[in-house]
Each structure stands twice: as structure tokens, then as C-alpha cells.
>>> print(open('structure_36.cif').read())   # mmCIF, C-alpha atoms
data_model
loop_
_atom_site.label_atom_id
_atom_site.label_comp_id
_atom_site.auth_asym_id
_atom_site.auth_seq_id
_atom_site.Cartn_x
_atom_site.Cartn_y
_atom_site.Cartn_z
CA MET H 28 -107.95 98.20 4.93
CA LEU H 29 -105.81 96.20 7.35
CA LEU H 30 -102.30 95.29 6.32
CA ILE H 31 -101.19 91.85 7.46
CA ARG H 32 -97.56 90.77 7.44
CA CYS H 33 -97.10 87.42 5.71
CA PRO H 34 -94.03 85.66 7.17
CA TYR H 35 -93.43 83.84 3.85
CA CYS H 36 -93.80 86.87 1.54
CA GLU H 37 -91.87 88.88 4.18
CA GLU H 38 -93.97 92.00 3.76
CA GLU H 39 -97.30 93.55 4.65
CA ARG H 40 -100.10 92.74 2.25
CA PRO H 41 -103.74 93.88 2.08
CA GLU H 42 -106.22 91.89 4.14
CA LEU H 43 -108.29 90.92 1.06
CA GLU H 44 -105.58 88.40 0.16
CA PHE H 45 -106.00 86.55 3.48
CA ARG H 46 -108.45 84.10 4.99
CA ASN H 47 -108.88 83.24 8.67
CA ALA H 48 -108.45 79.55 9.49
CA GLY H 49 -109.48 79.23 13.13
CA GLU H 50 -107.58 78.96 16.38
CA ALA H 51 -103.90 77.97 16.29
CA HIS H 52 -101.87 75.51 18.37
CA ILE H 53 -104.58 72.86 18.67
CA ALA H 54 -102.72 69.56 18.58
CA ARG H 55 -104.58 66.56 17.23
CA PRO H 56 -104.38 63.63 19.71
CA THR H 57 -101.88 60.99 18.57
CA ASN H 58 -104.36 58.15 19.26
CA ILE H 59 -107.73 59.66 18.54
CA ALA H 60 -109.58 56.33 18.84
CA ALA H 61 -108.60 56.09 22.50
CA GLU H 62 -109.89 59.58 23.37
CA SER H 63 -112.75 59.78 25.81
CA ASP H 64 -115.85 61.60 24.58
CA ASP H 65 -115.13 64.52 26.91
CA ASP H 66 -111.55 64.90 25.70
CA PHE H 67 -112.64 64.64 22.09
CA GLU H 68 -115.26 67.32 22.65
CA LYS H 69 -112.60 69.62 24.12
CA PHE H 70 -110.26 69.00 21.19
CA PHE H 71 -112.88 69.21 18.47
CA PHE H 72 -115.45 71.77 19.54
CA ILE H 73 -114.27 73.90 22.44
CA ARG H 74 -112.39 77.07 21.50
CA ALA H 75 -110.95 79.77 23.72
CA ASN H 76 -112.82 82.80 22.25
CA PRO H 77 -110.94 85.26 24.48
CA LYS H 78 -111.53 88.97 24.81
CA GLY H 79 -108.05 90.24 24.04
CA VAL H 80 -105.06 88.42 22.60
CA ILE H 81 -105.85 85.37 20.47
CA TYR H 82 -103.55 82.99 18.56
CA GLU H 83 -104.99 82.18 15.15
CA ARG H 84 -104.13 80.40 11.93
CA TRP H 85 -104.39 82.55 8.82
CA ARG H 86 -103.88 81.67 5.20
CA HIS H 87 -102.42 83.94 2.53
CA ILE H 88 -104.79 82.29 0.08
CA HIS H 89 -104.60 84.89 -2.73
CA GLY H 90 -100.82 85.25 -2.35
CA CYS H 91 -98.30 82.55 -1.52
CA ALA H 92 -101.20 80.28 -0.37
CA ARG H 93 -99.31 79.36 2.82
CA PHE H 94 -100.84 78.90 6.29
CA PHE H 95 -99.18 80.84 9.10
CA ASN H 96 -99.96 81.86 12.68
CA ALA H 97 -100.97 85.31 13.83
CA VAL H 98 -101.41 86.96 17.21
CA ARG H 99 -104.38 89.30 17.13
CA ASP H 100 -106.21 91.41 19.66
CA THR H 101 -109.93 90.72 19.40
CA VAL H 102 -110.82 94.04 21.04
CA THR H 103 -108.79 96.38 18.82
CA ASP H 104 -108.60 94.01 15.79
CA LYS H 105 -104.89 94.81 15.71
CA PHE H 106 -102.38 92.20 14.53
CA VAL H 107 -99.65 92.02 17.20
CA MET H 108 -97.34 89.74 15.19
CA THR H 109 -97.28 86.86 12.72
CA TYR H 110 -94.97 83.85 12.50
CA LYS H 111 -94.54 80.77 10.34
CA ALA H 112 -96.63 77.65 10.80
CA GLY H 113 -94.96 75.03 12.98
CA GLU H 114 -93.08 77.57 15.07
CA PRO H 115 -93.84 77.59 18.82
CA LYS H 116 -96.00 80.22 20.48
CA PRO H 117 -93.87 83.34 20.98
CA ALA H 118 -92.77 83.59 24.60
CA LYS H 119 -92.92 87.37 24.60
CA LEU H 120 -95.10 89.59 22.45
CA PRO H 121 -93.68 92.80 20.98
CA GLY H 122 -95.00 95.83 22.80
CA ALA H 123 -96.17 93.80 25.81
CA SER H 124 -95.73 95.52 29.16
CA LYS H 125 -94.14 92.47 30.84
CA MET S 3 -123.50 61.56 -47.62
CA ALA S 4 -124.19 60.53 -44.09
CA LYS S 5 -120.54 59.63 -43.77
CA ALA S 6 -119.42 63.09 -44.92
CA ALA S 7 -121.62 64.79 -42.32
CA LYS S 8 -120.17 62.62 -39.60
CA THR S 9 -116.59 63.54 -40.53
CA LYS S 10 -117.41 67.23 -40.50
CA ALA S 11 -118.88 67.02 -36.98
CA ALA S 12 -115.76 65.23 -35.74
CA GLU S 13 -113.54 67.97 -37.17
CA ALA S 14 -115.48 70.74 -35.50
CA SER S 15 -115.16 69.10 -32.08
CA VAL S 16 -111.38 69.54 -31.93
CA GLU S 17 -111.32 73.23 -32.75
CA ARG S 18 -109.64 75.29 -30.03
CA ARG S 19 -110.70 78.87 -29.46
CA PRO S 20 -108.58 81.02 -27.16
CA ALA S 21 -110.80 83.01 -24.79
CA LEU S 22 -111.50 86.58 -25.95
CA ALA S 23 -108.81 86.28 -28.66
CA GLY S 24 -107.86 89.59 -30.22
CA ARG S 25 -109.89 91.80 -27.87
CA THR S 26 -108.34 95.18 -27.20
CA LEU S 27 -109.39 98.41 -25.59
CA SER S 28 -107.63 101.72 -25.99
CA ALA S 29 -108.28 104.53 -23.57
CA PRO S 30 -106.31 107.76 -23.11
CA GLY S 31 -103.16 106.73 -21.24
CA VAL S 32 -103.64 102.97 -21.24
CA LYS S 33 -104.22 100.07 -23.59
CA VAL S 34 -105.71 96.74 -22.49
CA GLU S 35 -105.31 93.78 -24.82
CA MET S 36 -105.50 90.01 -24.80
CA LEU S 37 -102.09 88.38 -25.25
CA ALA S 38 -101.29 85.54 -27.62
CA PRO S 39 -101.55 81.98 -26.27
CA ALA S 40 -98.45 80.80 -24.39
CA GLU S 41 -97.13 77.62 -22.81
CA ARG S 42 -97.48 77.60 -19.03
CA ILE S 43 -96.73 75.18 -16.22
CA SER S 44 -97.39 75.21 -12.51
CA LEU S 45 -94.23 73.97 -10.81
CA ARG S 46 -93.92 72.76 -7.21
CA ALA S 47 -90.55 71.61 -5.95
CA PRO S 48 -88.49 71.41 -2.73
CA GLN S 49 -85.27 73.36 -2.23
CA ALA S 50 -83.09 70.38 -3.17
CA SER S 51 -84.54 70.12 -6.69
CA LEU S 52 -84.18 73.77 -7.69
CA ALA S 53 -80.71 73.56 -9.22
CA ALA S 54 -81.64 70.66 -11.51
CA LEU S 55 -84.93 72.27 -12.53
CA SER S 56 -83.31 75.65 -13.20
CA LYS S 57 -80.78 73.94 -15.45
CA ALA S 58 -83.42 71.96 -17.36
CA LEU S 59 -85.64 75.01 -17.85
CA ASP S 60 -82.65 77.25 -18.65
CA VAL S 61 -84.00 79.93 -16.33
CA THR S 62 -83.01 80.37 -12.68
CA LEU S 63 -86.03 79.84 -10.45
CA PRO S 64 -86.23 82.94 -8.22
CA ALA S 65 -86.02 82.35 -4.46
CA GLN S 66 -87.00 85.86 -3.37
CA PRO S 67 -90.69 86.54 -2.63
CA LYS S 68 -92.53 88.67 -5.23
CA SER S 69 -89.82 88.27 -7.86
CA SER S 70 -89.40 86.75 -11.31
CA ALA S 71 -86.65 85.76 -13.71
CA ALA S 72 -86.77 85.83 -17.50
CA LYS S 73 -84.59 84.42 -20.27
CA ASP S 74 -85.25 83.92 -23.99
CA GLY S 75 -89.01 84.40 -23.84
CA ARG S 76 -89.42 82.20 -20.77
CA THR S 77 -90.41 83.74 -17.43
CA ALA S 78 -90.38 82.07 -14.01
CA LEU S 79 -92.62 83.77 -11.42
CA TRP S 80 -92.29 83.17 -7.67
CA LEU S 81 -95.75 82.37 -6.30
CA GLY S 82 -94.89 80.69 -2.99
CA PRO S 83 -91.90 79.25 -1.09
CA ASP S 84 -92.10 76.06 -3.20
CA GLU S 85 -94.31 77.16 -6.07
CA TRP S 86 -93.56 78.82 -9.42
CA LEU S 87 -95.48 79.72 -12.56
CA ILE S 88 -93.46 79.27 -15.77
CA ILE S 89 -94.67 81.13 -18.87
CA ASP S 90 -93.05 80.40 -22.22
CA GLU S 91 -93.90 82.77 -25.05
CA ALA S 92 -91.27 81.44 -27.48
CA GLY S 93 -93.26 78.31 -28.32
CA ASN S 94 -91.06 75.83 -26.41
CA ASP S 95 -92.66 73.38 -24.03
CA PRO S 96 -91.40 73.75 -20.42
CA LEU S 97 -93.31 70.60 -19.47
CA ALA S 98 -91.07 68.54 -21.77
CA ASP S 99 -87.97 70.16 -20.22
CA CYS S 100 -89.14 69.26 -16.70
CA ALA S 101 -89.90 65.68 -17.75
CA LYS S 102 -86.16 65.01 -18.11
CA VAL S 103 -85.48 65.98 -14.48
CA THR S 104 -85.25 63.07 -12.06
CA ALA S 105 -85.19 65.27 -8.93
CA LEU S 106 -88.46 65.42 -6.98
CA HIS S 107 -90.92 67.93 -8.45
CA SER S 108 -94.48 68.35 -9.70
CA ALA S 109 -95.02 70.06 -13.05
CA VAL S 110 -98.57 70.51 -14.32
CA GLY S 111 -99.39 71.94 -17.74
CA ILE S 112 -101.81 74.86 -17.40
CA SER S 113 -101.34 76.48 -20.81
CA HIS S 114 -105.06 76.56 -21.52
CA ARG S 115 -106.24 77.21 -17.97
CA ASN S 116 -104.81 80.73 -17.99
CA VAL S 117 -105.03 83.65 -20.35
CA GLY S 118 -102.74 86.67 -20.35
CA ILE S 119 -103.89 90.27 -20.55
CA SER S 120 -101.52 93.16 -21.19
CA VAL S 121 -102.16 96.50 -19.49
CA ALA S 122 -99.76 99.11 -20.87
CA GLY S 123 -99.45 102.88 -20.81
CA PRO S 124 -98.76 105.69 -18.33
CA ALA S 125 -102.02 104.92 -16.48
CA ALA S 126 -101.43 101.14 -16.29
CA ALA S 127 -100.77 101.07 -12.52
CA VAL S 128 -103.89 103.15 -11.82
CA THR S 129 -105.93 100.80 -14.00
CA VAL S 130 -104.74 97.64 -12.21
CA ASN S 131 -105.07 99.35 -8.81
CA SER S 132 -108.77 99.93 -9.43
CA GLY S 133 -109.35 96.28 -8.52
CA CYS S 134 -106.06 95.21 -6.93
CA PRO S 135 -105.28 96.40 -3.37
CA GLN S 136 -101.49 95.99 -3.58
CA ASP S 137 -99.06 98.89 -3.56
CA LEU S 138 -97.98 99.18 -7.21
CA SER S 139 -95.57 102.08 -6.83
CA LEU S 140 -92.16 101.41 -8.41
CA GLU S 141 -90.52 101.23 -4.96
CA ALA S 142 -92.86 98.49 -3.72
CA PHE S 143 -93.51 96.71 -7.03
CA PRO S 144 -90.47 97.25 -9.30
CA VAL S 145 -90.05 96.02 -12.87
CA GLY S 146 -89.91 92.22 -12.76
CA ALA S 147 -91.96 91.96 -9.57
CA ALA S 148 -94.58 89.21 -9.69
CA SER S 149 -97.27 88.22 -7.26
CA ARG S 150 -100.45 86.24 -7.01
CA THR S 151 -103.13 88.63 -5.81
CA ILE S 152 -106.73 89.59 -6.47
CA LEU S 153 -108.45 91.85 -8.95
CA GLY S 154 -111.99 92.62 -7.89
CA LYS S 155 -113.50 89.22 -7.15
CA SER S 156 -111.06 87.22 -9.23
CA GLU S 157 -107.63 85.80 -8.41
CA ILE S 158 -104.87 86.94 -10.77
CA VAL S 159 -101.12 86.66 -11.13
CA LEU S 160 -99.61 90.08 -11.72
CA LEU S 161 -96.22 90.67 -13.38
CA ARG S 162 -94.68 94.06 -14.00
CA THR S 163 -92.99 93.76 -17.41
CA ALA S 164 -91.93 97.43 -17.65
CA GLU S 165 -92.34 100.64 -15.66
CA ASP S 166 -95.67 101.31 -17.36
CA SER S 167 -96.69 97.81 -18.38
CA PHE S 168 -98.25 94.82 -16.58
CA ARG S 169 -99.11 91.27 -17.52
CA VAL S 170 -102.28 90.03 -15.83
CA GLU S 171 -102.73 86.26 -15.80
CA CYS S 172 -106.17 84.96 -14.89
CA TRP S 173 -108.15 81.77 -15.28
CA ARG S 174 -109.78 81.39 -18.67
CA SER S 175 -113.29 81.25 -17.20
CA PHE S 176 -112.67 84.54 -15.32
CA SER S 177 -111.24 86.28 -18.40
CA ASP S 178 -114.45 88.04 -19.43
CA TYR S 179 -114.88 89.47 -15.93
CA VAL S 180 -111.23 90.51 -15.64
CA PHE S 181 -111.09 92.06 -19.11
CA THR S 182 -114.33 93.98 -18.58
CA LEU S 183 -113.19 95.25 -15.17
CA LEU S 184 -109.86 96.39 -16.61
CA SER S 185 -111.62 98.03 -19.56
CA GLU S 186 -113.94 100.00 -17.28
CA ALA S 187 -110.97 100.95 -15.09
CA ALA S 188 -108.95 102.00 -18.13
CA SER S 189 -111.71 104.35 -19.24
CA ASP S 190 -111.88 105.83 -15.74
CA ALA S 191 -108.10 106.04 -15.26
CA ALA S 192 -107.77 108.95 -17.68
CA ASN S 193 -110.23 111.10 -15.72
#
>>> encode(input="structure_36.cif", output="C-alpha cells")
Amino acid sequence: MLLIRCPYCEEERPELEFRNAGEAHIARPTNIAAESDDDFEKFFFIRANPKGVIYERWRHIHGCARFFNAVRDTVTDKFVMTYKAGEPKPAKLPGASK
Amino acid sequence: MAKAAKTKAAEASVERRPALAGRTLSAPGVKVEMLAPAERISLRAPQASLAALSKALDVTLPAQPKSSAAKDGRTALWLGPDEWLIIDEAGNDPLADCAKVTALHSAVGISHRNVGISVAGPAAAVTVNSGCPQDLSLEAFPVGAASRTILGKSEIVLLRTAEDSFRVECWRSFSDYVFTLLSEAASDAAN
């Protein structure tokens, strides 16, 4: 079983307590009525789906029930790091070569 | 006569039956039993209201993750950064205490939504671990530790009341599932 670090509970907890909540850092347009159809499509439907490092929202639903952000490698399924919701994308990932 | 029958029906409709009241199971090394009804509230509050609420409830709301605080039969369990479960087994109403507080908070009475199950004995941790994936060793989950987690397919709130004793809080409608799972686990734990 994977252990995922919850930044609110400040410890690693079993994956069964967590739920994935889609890609992170997708900002909702401030004036959504003025969006063109193409821009709305990009915001609403188009996701990165990378092979490698992905930034995701996760929810510790059977724990503190808080949403947070996680950096995960889609190839190895390894969690690189997690951080609280609302915090900016980490500039440098731990263990990264550069 | 018709009037008498009507009165009787009205009386029966207000009868309250605690779920699985009095059920117990004893296995070698562990005893699982339903706990008596208690007063409970779900409390949500921002940082600024904690001092006033702690004073009104007469128990300090814990700020550390996975911790609890108890005083005079009342226990406050940390569930999230702004969320607590208050259990009062002394018969006092924590909801009434919170009602006096003017600081911003949300207190919801959930006394009859939850039931408590006691798992006690040398094999208590093994029994709970049969359905709960958390590390329940004394280093990781000491006496007084409390956490919302899962047991099998059901969400529970787990509180370690002593080195060899746990309180499992689950929703009333899940109680049959949770009690049966713990009973099966208790029978297996001895082997």
C-alpha cells in the first residue's frame, strides 16, 4: 500500500484514506461569461496528462477531509512531494537533478 | 376504545432504540462491546474562536493533528485543522455550552448519528488493524491519539483510550457492519 504524506496531518497515511481530485493549478477565469469557446474548452476539458511528473489535487477524505496538492510521477506512481492547497507550485522538486 | 388505540400508537412512535444496544462479543484476548449512548457534537471553528470555545466547553480543543483532550467525561478529538468531535459521556450537553459562545463557530448535534464501540484487551490493536490500515503501534498511535480513518468499507473515528483499549465511533447505519467486522476480527485475533 502506498503511503501519502498529508500536509495537514503532518504524517504519512495509507492511500485508502485518500481520493484523487484531478489536476491542480487550474485557475477559473475571473470573467467566465466573456471567455471564448476555445478558451473555455481549454479551461474546462483539456488536461495535461503527462508521462512523468504531474501536479494533482488530492483529498484526505477519510482523515482530515482537506484538499491538498501532490506532485506525482505517472510512470513510477511515486509521490515526489505534497503541499497545502493554495500554495504555489514548488520551484524545485526534492531529488530533482537540476 | 378507538381513542385509546390512537394514543397507544402515538406513544410507540416516539420510542428511541439505540442501535445494537447491549451487544457484546468476548474472544480470547479481546472484548468488543457497544458503548452506552453519549452526547456528541461536530464542531467547526476558526483559530480565533478556539479560546472562547475551549472555555465554554471546559476542555482545551487540541491543535495537534491526531490528538485528543479529555476532562470530566468530555473528550475533544482533533479531526481536521478546523474540525473537532466532542463526546460527552457524563450526560451534559456540549451543544448548550457552545450556544453561549458569540465567537464564530458551527456546532451540530450528532448524538444519535454516531454509536460508540469499545474494543479492549491485549489483542485490541490487532483486531482494529484487521480493517484499519493505520499504524497502531504505541509509538505511532499513543494513548489519547484520535483520528478519522476507515475500517473495511466504513468510515470510523478511532480513539485510543488506553494501551490496550480503543473507542470506535461509526455512523449508526454502519454499526451492524462495523460490529460484525470487529467481531470476526476479534475471533481471528487470538489465532
>>> interface_residues(input="structure_36.cif", of="chain S", to="chain H", cutoff="6 Å", atoms="only C-alpha atoms", output="PyMOL selection string")
chain S and resi 67+81-82+150-151
>>> residues_around(input="structure_36.cif", residues="S:Asn94", least_positions_apart="5", cutoff="9 Å", atoms="all atoms listed in the file", output="list in words")
Glu41, Arg76 and Asp99 of chain S
>>> residues_near_point(input="structure_36.cif", point="(-105.5, 83.8, 11.4)", cutoff="8 Å", atoms="all atoms listed in the file", output="PyMOL selection string")
chain H and resi 46-51+82-86+95-98
>>> closest_residue(input="structure_36.cif", among="H:Leu29, H:Ile81, H:Phe94, H:Asp64", to="H:Gly113", atoms="all atoms listed in the file")
H:Phe94
>>> atom_distance(input="structure_36.cif", atom1="atom CA of H:Asp104", atom2="atom CA of S:Lys68")
27.0 Å
>>> axis_aligned_box(input="structure_36.cif", around="stretch 92-107 of chain H", padding_each_side="5 Å", output="JSON")
{"center_x": -105.0, "center_y": 87.6, "center_z": 10.3, "size_x": 21.6, "size_y": 27.5, "size_z": 31.4}
>>> resolve_selection(input="structure_36.cif", expression="the PyMOL selection byres ((chain S and resi 170) around 7)", output="PyMOL selection string")
chain S and resi 118-120+158-161+168-169+171-172
>>> closest_residue(input="structure_36.cif", among="S:Arg162, S:Arg42, S:Lys155, S:Lys57", to="S:Gly93", atoms="all atoms listed in the file")
S:Arg42
>>> residues_around(input="structure_36.cif", residues="stretch 118-121 of chain H", least_positions_apart="2", cutoff="12 Å", atoms="all atoms listed in the file", output="PyMOL selection string")
chain H and resi 80-82+97-100+106-110+114-116+123-125
>>> closest_residue(input="structure_36.cif", among="H:Lys105, H:Arg55, H:Lys111, H:Lys69", to="H:Ile31", atoms="only C-alpha atoms")
H:Lys105
>>> atom_distance(input="structure_36.cif", atom1="atom CA of H:Ala75", atom2="atom CA of H:Arg32")
23.8 Å
>>> closest_residue(input="structure_36.cif", among="S:Ser132, S:His107, S:Ala65, S:Pro83", to="H:Pro34", atoms="all atoms listed in the file")
S:Pro83
>>> residues_around(input="structure_36.cif", residues="S:Ala188", least_positions_apart="6", cutoff="12 Å", atoms="all atoms listed in the file", output="list in words")
Thr26, Leu27, Ser28, Ala29, Pro30, Gly31, Val32, Lys33, Val34, Glu35, Ser120, Val121, Ala122, Gly123, Pro124, Ala125, Ala126, Ala127, Val128, Thr129, Val130, Asn131, Ser132, Gly133, Val180, Phe181 and Thr182 of chain S
>>> residues_around(input="structure_36.cif", residues="S:Ala101", least_positions_apart="5", cutoff="12 Å", atoms="only C-alpha atoms", output="PyMOL selection string")
chain S and resi 43+45+54-55+58-59+95-96+106-111
>>> closest_residue(input="structure_36.cif", among="S:Gln136, S:Ser175, S:Ser167, S:Thr104", to="S:Ile152", atoms="all atoms listed in the file")
S:Gln136
>>> resolve_selection(input="structure_36.cif", expression="the PyMOL selection byres ((chain S and resi 64) around 12)", output="PyMOL selection string")
chain S and resi 49+52-53+55-56+61-63+65-72+77-88+146-148
>>> residues_around(input="structure_36.cif", residues="stretch 17-22 of chain S", least_positions_apart="2", cutoff="9 Å", atoms="all atoms listed in the file", output="list in words")
Glu13, Ala14, Ser15, Gly24, Arg25, Met36, Ala38, Pro39, His114, Val117, Arg174, Ser175, Ser177, Asp178 and Phe181 of chain S
>>> atom_distance(input="structure_36.cif", atom1="atom CA of S:Val16", atom2="atom CA of S:Gly75")
28.0 Å
>>> closest_residue(input="structure_36.cif", among="H:Thr101, H:Asp66, H:His52, H:Thr57", to="H:Lys78", atoms="all atoms listed in the file")
H:Thr101
>>> decode(input="structure_36.cif", residues="stretch 84-112 of chain H", atoms="N, CA and C atoms", output="PDB file, in the first residue's frame")
ATOM      1  N   ARG H  84      -4.483  17.518  -7.459  1.00  0.00           N
ATOM      2  CA  ARG H  84      -5.168  17.759  -6.186  1.00  0.00           C
ATOM      3  C   ARG H  84      -5.536  16.402  -5.604  1.00  0.00           C
ATOM      4  N   TRP H  85      -5.342  16.250  -4.323  1.00  0.00           N
ATOM      5  CA  TRP H  85      -5.776  15.050  -3.624  1.00  0.00           C
ATOM      6  C   TRP H  85      -6.567  15.479  -2.414  1.00  0.00           C
ATOM      7  N   ARG H  86      -7.416  14.575  -1.939  1.00  0.00           N
ATOM      8  CA  ARG H  86      -8.209  14.904  -0.751  1.00  0.00           C
ATOM      9  C   ARG H  86      -8.054  13.793   0.282  1.00  0.00           C
ATOM     10  N   HIS H  87      -7.749  14.200   1.516  1.00  0.00           N
ATOM     11  CA  HIS H  87      -7.608  13.230   2.603  1.00  0.00           C
ATOM     12  C   HIS H  87      -9.006  12.968   3.173  1.00  0.00           C
ATOM     13  N   ILE H  88      -9.842  12.358   2.335  1.00  0.00           N
ATOM     14  CA  ILE H  88     -11.287  12.341   2.620  1.00  0.00           C
ATOM     15  C   ILE H  88     -11.627  11.544   3.881  1.00  0.00           C
ATOM     16  N   HIS H  89     -10.930  10.424   4.125  1.00  0.00           N
ATOM     17  CA  HIS H  89     -11.206   9.647   5.337  1.00  0.00           C
ATOM     18  C   HIS H  89     -10.211   9.991   6.447  1.00  0.00           C
ATOM     19  N   GLY H  90      -9.765  11.253   6.476  1.00  0.00           N
ATOM     20  CA  GLY H  90      -8.849  11.695   7.524  1.00  0.00           C
ATOM     21  C   GLY H  90      -9.278  13.092   7.933  1.00  0.00           C
ATOM     22  N   CYS H  91      -8.439  14.083   7.615  1.00  0.00           N
ATOM     23  CA  CYS H  91      -8.787  15.447   7.990  1.00  0.00           C
ATOM     24  C   CYS H  91      -9.749  16.081   6.985  1.00  0.00           C
ATOM     25  N   ALA H  92     -10.030  15.376   5.860  1.00  0.00           N
ATOM     26  CA  ALA H  92     -11.006  15.812   4.861  1.00  0.00           C
ATOM     27  C   ALA H  92     -10.554  17.039   4.066  1.00  0.00           C
ATOM     28  N   ARG H  93      -9.256  17.389   4.165  1.00  0.00           N
ATOM     29  CA  ARG H  93      -8.750  18.581   3.499  1.00  0.00           C
ATOM     30  C   ARG H  93      -8.239  18.245   2.089  1.00  0.00           C
ATOM     31  N   PHE H  94      -8.396  19.206   1.159  1.00  0.00           N
ATOM     32  CA  PHE H  94      -7.766  19.094  -0.158  1.00  0.00           C
ATOM     33  C   PHE H  94      -6.322  19.570  -0.049  1.00  0.00           C
ATOM     34  N   PHE H  95      -5.416  18.955  -0.774  1.00  0.00           N
ATOM     35  CA  PHE H  95      -4.051  19.461  -0.845  1.00  0.00           C
ATOM     36  C   PHE H  95      -3.510  19.122  -2.234  1.00  0.00           C
ATOM     37  N   ASN H  96      -2.301  19.588  -2.535  1.00  0.00           N
ATOM     38  CA  ASN H  96      -1.695  19.322  -3.826  1.00  0.00           C
ATOM     39  C   ASN H  96      -0.562  18.320  -3.679  1.00  0.00           C
ATOM     40  N   ALA H  97      -0.406  17.492  -4.703  1.00  0.00           N
ATOM     41  CA  ALA H  97       0.648  16.490  -4.673  1.00  0.00           C
ATOM     42  C   ALA H  97       1.362  16.471  -6.015  1.00  0.00           C
ATOM     43  N   VAL H  98       2.662  16.212  -5.962  1.00  0.00           N
ATOM     44  CA  VAL H  98       3.454  16.024  -7.172  1.00  0.00           C
ATOM     45  C   VAL H  98       3.723  14.531  -7.285  1.00  0.00           C
ATOM     46  N   ARG H  99       3.304  13.958  -8.422  1.00  0.00           N
ATOM     47  CA  ARG H  99       3.378  12.504  -8.550  1.00  0.00           C
ATOM     48  C   ARG H  99       3.993  12.171  -9.902  1.00  0.00           C
ATOM     49  N   ASP H 100       4.716  11.081  -9.940  1.00  0.00           N
ATOM     50  CA  ASP H 100       5.272  10.619 -11.210  1.00  0.00           C
ATOM     51  C   ASP H 100       4.342   9.558 -11.782  1.00  0.00           C
ATOM     52  N   THR H 101       3.798   9.816 -12.963  1.00  0.00           N
ATOM     53  CA  THR H 101       2.801   8.885 -13.508  1.00  0.00           C
ATOM     54  C   THR H 101       3.436   7.601 -14.019  1.00  0.00           C
ATOM     55  N   VAL H 102       4.755   7.586 -14.198  1.00  0.00           N
ATOM     56  CA  VAL H 102       5.414   6.371 -14.673  1.00  0.00           C
ATOM     57  C   VAL H 102       5.679   5.418 -13.498  1.00  0.00           C
ATOM     58  N   THR H 103       6.253   5.960 -12.421  1.00  0.00           N
ATOM     59  CA  THR H 103       6.605   5.115 -11.283  1.00  0.00           C
ATOM     60  C   THR H 103       5.505   5.076 -10.216  1.00  0.00           C
ATOM     61  N   ASP H 104       4.497   5.955 -10.340  1.00  0.00           N
ATOM     62  CA  ASP H 104       3.431   6.087  -9.341  1.00  0.00           C
ATOM     63  C   ASP H 104       3.966   6.551  -7.992  1.00  0.00           C
ATOM     64  N   LYS H 105       5.134   7.178  -8.011  1.00  0.00           N
ATOM     65  CA  LYS H 105       5.761   7.624  -6.773  1.00  0.00           C
ATOM     66  C   LYS H 105       5.353   9.067  -6.465  1.00  0.00           C
ATOM     67  N   PHE H 106       4.998   9.333  -5.206  1.00  0.00           N
ATOM     68  CA  PHE H 106       4.692  10.700  -4.789  1.00  0.00           C
ATOM     69  C   PHE H 106       6.003  11.422  -4.505  1.00  0.00           C
ATOM     70  N   VAL H 107       6.287  12.493  -5.268  1.00  0.00           N
ATOM     71  CA  VAL H 107       7.523  13.241  -5.087  1.00  0.00           C
ATOM     72  C   VAL H 107       7.421  14.116  -3.842  1.00  0.00           C
ATOM     73  N   MET H 108       6.306  14.866  -3.737  1.00  0.00           N
ATOM     74  CA  MET H 108       6.078  15.689  -2.547  1.00  0.00           C
ATOM     75  C   MET H 108       4.617  16.105  -2.495  1.00  0.00           C
ATOM     76  N   THR H 109       4.179  16.579  -1.335  1.00  0.00           N
ATOM     77  CA  THR H 109       2.832  17.140  -1.205  1.00  0.00           C
ATOM     78  C   THR H 109       2.943  18.492  -0.523  1.00  0.00           C
ATOM     79  N   TYR H 110       1.980  19.365  -0.783  1.00  0.00           N
ATOM     80  CA  TYR H 110       1.978  20.685  -0.140  1.00  0.00           C
ATOM     81  C   TYR H 110       0.537  21.158  -0.035  1.00  0.00           C
ATOM     82  N   LYS H 111       0.332  22.161   0.851  1.00  0.00           N
ATOM     83  CA  LYS H 111      -1.021  22.601   1.160  1.00  0.00           C
ATOM     84  C   LYS H 111      -1.690  23.277  -0.026  1.00  0.00           C
ATOM     85  N   ALA H 112      -3.006  23.192  -0.058  1.00  0.00           N
ATOM     86  CA  ALA H 112      -3.776  23.861  -1.098  1.00  0.00           C
ATOM     87  C   ALA H 112      -3.541  25.371  -1.008  1.00  0.00           C
TER      88      ALA H 112
END
